[in-house]
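Below is the file data_30.txt, which contains compact mmCIF, C-alpha atoms.
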```txt
# COMPACT_ATOMS: atom_id res chain seq x y z
CA MET Y 1 195.34 147.81 200.21
CA ARG Y 2 198.98 147.04 199.42
CA ILE Y 3 200.17 147.26 195.84
CA THR Y 4 203.59 145.88 194.97
CA CYS Y 5 205.16 146.32 191.55
CA ILE Y 6 207.94 143.85 190.89
CA THR Y 7 209.95 145.07 187.94
CA VAL Y 8 213.01 143.79 186.13
CA GLY Y 9 215.59 146.46 185.33
CA LYS Y 10 216.43 149.91 186.57
CA ILE Y 11 214.98 153.19 185.40
CA LYS Y 12 217.72 155.15 183.67
CA GLU Y 13 215.88 158.17 182.30
CA LYS Y 14 215.11 161.03 184.68
CA TYR Y 15 211.77 161.81 183.01
CA PHE Y 16 210.53 158.26 183.73
CA THR Y 17 211.77 158.50 187.33
CA MET Y 18 209.94 161.79 187.81
CA ALA Y 19 206.69 160.37 186.38
CA ILE Y 20 206.95 157.26 188.60
CA GLU Y 21 207.55 159.43 191.68
CA GLU Y 22 204.55 161.59 190.80
CA TYR Y 23 202.18 158.63 190.46
CA ALA Y 24 203.60 157.02 193.61
CA LYS Y 25 202.82 160.25 195.46
CA ARG Y 26 199.29 160.39 194.05
CA LEU Y 27 198.68 156.73 194.90
CA SER Y 28 199.72 157.24 198.53
CA ARG Y 29 196.17 158.59 199.16
CA TYR Y 30 194.67 155.25 198.18
CA CYS Y 31 197.10 152.42 198.92
CA ARG Y 32 200.51 151.44 200.20
CA LEU Y 33 202.74 151.20 197.14
CA GLU Y 34 206.03 149.34 197.01
CA ILE Y 35 208.22 149.11 193.93
CA VAL Y 36 210.72 146.24 193.89
CA GLU Y 37 213.42 146.61 191.25
CA LEU Y 38 215.25 143.42 190.34
CA ALA Y 39 218.44 143.15 188.32
CA ASP Y 40 218.05 142.31 184.67
CA GLU Y 41 220.34 140.00 182.75
CA LYS Y 42 222.31 141.45 179.88
CA THR Y 43 221.20 139.96 176.59
CA PRO Y 44 223.88 139.71 173.89
CA ASP Y 45 222.87 141.06 170.48
CA ASN Y 46 222.94 137.66 168.76
CA ALA Y 47 221.57 135.61 171.66
CA SER Y 48 220.29 132.16 170.73
CA ALA Y 49 216.78 131.07 171.67
CA LEU Y 50 218.32 128.83 174.35
CA MET Y 51 220.30 131.73 175.82
CA GLU Y 52 217.19 133.93 175.84
CA GLU Y 53 215.28 131.19 177.66
CA GLN Y 54 218.09 130.92 180.24
CA ILE Y 55 217.98 134.69 180.77
CA LYS Y 56 214.19 134.58 181.33
CA GLN Y 57 214.74 131.70 183.77
CA LYS Y 58 217.28 133.66 185.83
CA GLU Y 59 215.08 136.75 185.93
CA GLY Y 60 212.07 134.54 186.70
CA GLU Y 61 213.81 133.00 189.71
CA ARG Y 62 214.44 136.49 191.11
CA ILE Y 63 210.81 137.46 190.52
CA LEU Y 64 209.45 134.34 192.21
CA LYS Y 65 211.64 134.95 195.28
CA ALA Y 66 210.30 138.51 195.52
CA ILE Y 67 206.60 137.50 195.51
CA LYS Y 68 205.04 137.40 198.99
CA GLU Y 69 202.89 134.35 199.75
CA ASP Y 70 199.76 136.39 200.50
CA ALA Y 71 199.92 138.28 197.20
CA TYR Y 72 197.40 138.08 194.40
CA VAL Y 73 199.73 138.19 191.37
CA ILE Y 74 198.92 140.02 188.16
CA ALA Y 75 201.53 139.47 185.46
CA LEU Y 76 201.76 141.90 182.58
CA ALA Y 77 201.87 139.70 179.51
CA ILE Y 78 201.03 140.29 175.86
CA GLU Y 79 198.85 137.16 175.87
CA GLY Y 80 196.89 138.39 178.91
CA LYS Y 81 193.38 139.82 179.05
CA GLN Y 82 192.93 143.38 177.85
CA LEU Y 83 190.78 145.57 180.09
CA ASP Y 84 189.67 149.16 179.79
CA SER Y 85 190.24 151.50 182.74
CA VAL Y 86 186.79 150.93 184.24
CA GLU Y 87 187.21 147.15 184.02
CA LEU Y 88 190.63 147.37 185.72
CA SER Y 89 189.07 149.47 188.46
CA GLU Y 90 186.31 146.87 188.90
CA LYS Y 91 188.92 144.09 188.96
CA LEU Y 92 190.94 145.79 191.72
CA ALA Y 93 187.80 146.66 193.71
CA GLY Y 94 186.57 143.08 193.40
CA LEU Y 95 189.88 141.72 194.66
CA GLY Y 96 189.62 143.95 197.72
CA VAL Y 97 186.04 142.86 198.41
CA ASN Y 98 187.11 139.20 198.15
CA GLY Y 99 189.79 139.68 200.80
CA ASN Y 100 192.85 140.17 198.62
CA SER Y 101 194.59 143.00 200.45
CA HIS Y 102 197.94 142.57 198.70
CA ILE Y 103 198.15 142.78 194.91
CA THR Y 104 201.45 142.29 193.13
CA PHE Y 105 201.94 143.41 189.54
CA ILE Y 106 204.89 141.97 187.63
CA ILE Y 107 206.68 143.67 184.74
CA GLY Y 108 209.28 141.42 183.15
CA GLY Y 109 212.51 142.29 181.44
CA SER Y 110 213.08 142.88 177.75
CA LEU Y 111 212.50 139.20 176.90
CA GLY Y 112 209.29 138.85 178.89
CA LEU Y 113 208.41 136.48 181.72
CA SER Y 114 209.41 132.88 182.31
CA LYS Y 115 206.84 130.07 182.15
CA GLU Y 116 207.18 129.63 185.92
CA VAL Y 117 206.29 133.26 186.62
CA LEU Y 118 203.31 133.08 184.26
CA ALA Y 119 202.21 129.86 185.99
CA ARG Y 120 202.42 131.58 189.41
CA ALA Y 121 200.30 134.51 188.22
CA ASP Y 122 196.68 134.54 189.34
CA TYR Y 123 195.81 136.80 186.41
CA LYS Y 124 197.52 137.86 183.20
CA LEU Y 125 196.90 141.44 182.09
CA SER Y 126 197.75 142.89 178.70
CA PHE Y 127 197.89 146.59 177.96
CA SER Y 128 198.27 145.94 174.25
CA ARG Y 129 199.57 143.39 171.78
CA MET Y 130 202.37 145.87 171.14
CA THR Y 131 205.71 145.69 172.94
CA PHE Y 132 206.67 148.60 175.22
CA PRO Y 133 209.93 149.42 177.00
CA HIS Y 134 209.62 148.18 180.59
CA GLN Y 135 210.56 151.64 181.91
CA LEU Y 136 207.60 153.19 180.09
CA MET Y 137 205.35 150.30 181.12
CA ARG Y 138 206.02 151.08 184.78
CA VAL Y 139 204.73 154.64 184.26
CA VAL Y 140 201.68 153.42 182.32
CA LEU Y 141 200.88 150.78 184.96
CA LEU Y 142 201.08 153.25 187.86
CA GLU Y 143 198.94 155.75 185.95
CA GLN Y 144 196.29 153.09 185.32
CA ILE Y 145 196.30 151.96 188.96
CA TYR Y 146 195.88 155.60 189.99
CA ARG Y 147 193.05 156.02 187.47
CA ALA Y 148 191.43 152.81 188.79
CA TYR Y 149 191.38 154.22 192.33
CA ARG Y 150 189.92 157.50 191.08
CA ILE Y 151 187.15 155.55 189.34
CA MET Y 152 186.54 153.38 192.44
CA ASN Y 153 186.12 156.47 194.56
CA GLY Y 154 183.77 158.24 192.15
CA GLU Y 155 186.36 160.95 191.52
CA PRO Y 156 186.74 162.65 188.15
CA TYR Y 157 189.14 161.19 185.61
CA HIS Y 158 189.83 161.87 181.96
CA LYS Y 159 188.13 159.48 179.58
```
Encoded form (structure tokens):
Amino acid sequence: MRITCITVGKIKEKYFTMAIEEYAKRLSRYCRLEIVELADEKTPDNASALMEEQIKQKEGERILKAIKEDAYVIALAIEGKQLDSVELSEKLAGLGVNGNSHITFIIGGSLGLSKEVLARADYKLSFSRMTFPHQLMRVVLLEQIYRAYRIMNGEPYHK
């Protein structure tokens, strides 16, 4: 299976980079992982709602261009469905069984995802109603994908 993570923004902190590299290495046993980093738009401190919407639009256009046609798209969104680790594992396994060999996860920028990206998503996944930095979310997502594969393969994992 191919897993693509489309993310808005660069990772600046070395500790996040090291964690991402570690989970990418662990995942290489189970899938082909690709991380696509897209440029984020700078948001001024006192940005109007209109300006914020325009920023999401620009980032959204970049995201949509990066999505491959054959991909099953899972957007990370606060309003998405919350799953536990076993349910995520079952979701990924079910996608594979149904012939979806390319899954793309999308992590938006600091303002979230545009309406167009959310409309393109086949599934909306929420890790929490809380807001997380997108750099940290990338680590959490990769860890949960890794955990899902461990569960799928009947391998031990921490509960």
In Å, how far is it from atom CA of Glu53 of chain Y to atom CA of Glu69 of chain Y? 25.5 Å
Could you give me, as a ChimeraX atom specification, the residues that sit within 6 Å of (188.0, 154.0, 189.8) in the file's coordinates, counting only C-alpha atoms? /Y:89,147-153
Pick out the residues sitting within 12 Å of Val139 of chain Y, and hand them over as a PyMOL selection string; count all atoms listed in the file, and ignore anything fewer than 5 positions along from it in its own chain. chain Y and resi 5+7+11+13+15-24+35+107+132-134+144-146
Figure out the distance between atom CA of Gln135 of chain Y and atom CA of Ser110 of chain Y, please, to one decimal in Å. 10.0 Å
Would you mind reading off the distance between atom CA of Leu64 of chain Y and atom CA of Lys14 of chain Y, one decimal, in Å? 28.3 Å
Tell me which protein, DNA and RNA residues are within 8 Å of Ile3 of chain Y, counting only C-alpha atoms, leaving out same-chain ones fewer than 4 positions away, and put them as a PyMOL selection string. chain Y and resi 31-34+102-105
Pick the closest to Ala75 of chain Y from Y:Lys10, Y:Lys91, Y:Arg120, Y:Arg2: which is it, counting all atoms listed in the file?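 Of the candidates, the smallest distance to Ala75 of chain Y is held by Y:Arg120.
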List the spatial neighbours of segment 80-88 of chain Y as a list in words - criterion: any atom at most 6 Å away, all atoms listed in the file, same-chain residues fewer than 6 positions off excluded.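 The residues that qualify are Lys124, Leu125, Ser126 and Phe127 of chain Y.
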Hey, which of Y:Ile67, Y:Ser128, Y:Gly94, Y:Gly154 ends up closest to Ile106 of chain Y? Count all atoms listed in the file.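 Of Y:Ile67, Y:Ser128, Y:Gly94, Y:Gly154, the one nearest Ile106 of chain Y, counting all atoms listed in the file, is Y:Ile67.
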Please reconstruct the missing atoms of segment 74-85 of chain Y (target: N, CA and C atoms) and return them as a CSV table (one decimal), keeping the file's coordinate frame.
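The resulting result29.csv:
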```csv
chain,number,residue,atom,x,y,z
Y,74,ILE,N,199.4,139.6,189.5
Y,74,ILE,CA,198.9,140.0,188.2
Y,74,ILE,C,200.2,140.2,187.3
Y,75,ALA,N,200.4,139.4,186.3
Y,75,ALA,CA,201.5,139.5,185.5
Y,75,ALA,C,201.1,140.2,184.2
Y,76,LEU,N,202.0,141.2,183.8
Y,76,LEU,CA,201.8,141.9,182.6
Y,76,LEU,C,202.3,141.0,181.5
Y,77,ALA,N,201.5,140.6,180.6
Y,77,ALA,CA,201.9,139.7,179.5
Y,77,ALA,C,201.1,140.0,178.3
Y,78,ILE,N,201.7,140.0,177.1
Y,78,ILE,CA,201.0,140.3,175.9
Y,78,ILE,C,199.8,139.4,175.7
Y,79,GLU,N,199.9,138.1,176.1
Y,79,GLU,CA,198.8,137.2,175.9
Y,79,GLU,C,197.8,137.3,176.9
Y,80,GLY,N,197.9,138.2,177.9
Y,80,GLY,CA,196.9,138.4,178.9
Y,80,GLY,C,195.6,139.0,178.4
Y,81,LYS,N,194.7,139.2,179.3
Y,81,LYS,CA,193.4,139.8,179.0
Y,81,LYS,C,193.5,141.3,179.0
Y,82,GLN,N,192.9,141.9,178.0
Y,82,GLN,CA,192.9,143.4,177.8
Y,82,GLN,C,191.7,143.9,178.5
Y,83,LEU,N,191.9,144.9,179.4
Y,83,LEU,CA,190.8,145.6,180.1
Y,83,LEU,C,190.8,147.1,179.8
Y,84,ASP,N,189.6,147.7,179.8
Y,84,ASP,CA,189.7,149.2,179.8
Y,84,ASP,C,189.8,149.6,181.2
Y,85,SER,N,189.9,150.9,181.4
Y,85,SER,CA,190.2,151.5,182.7
Y,85,SER,C,189.1,151.2,183.8
```
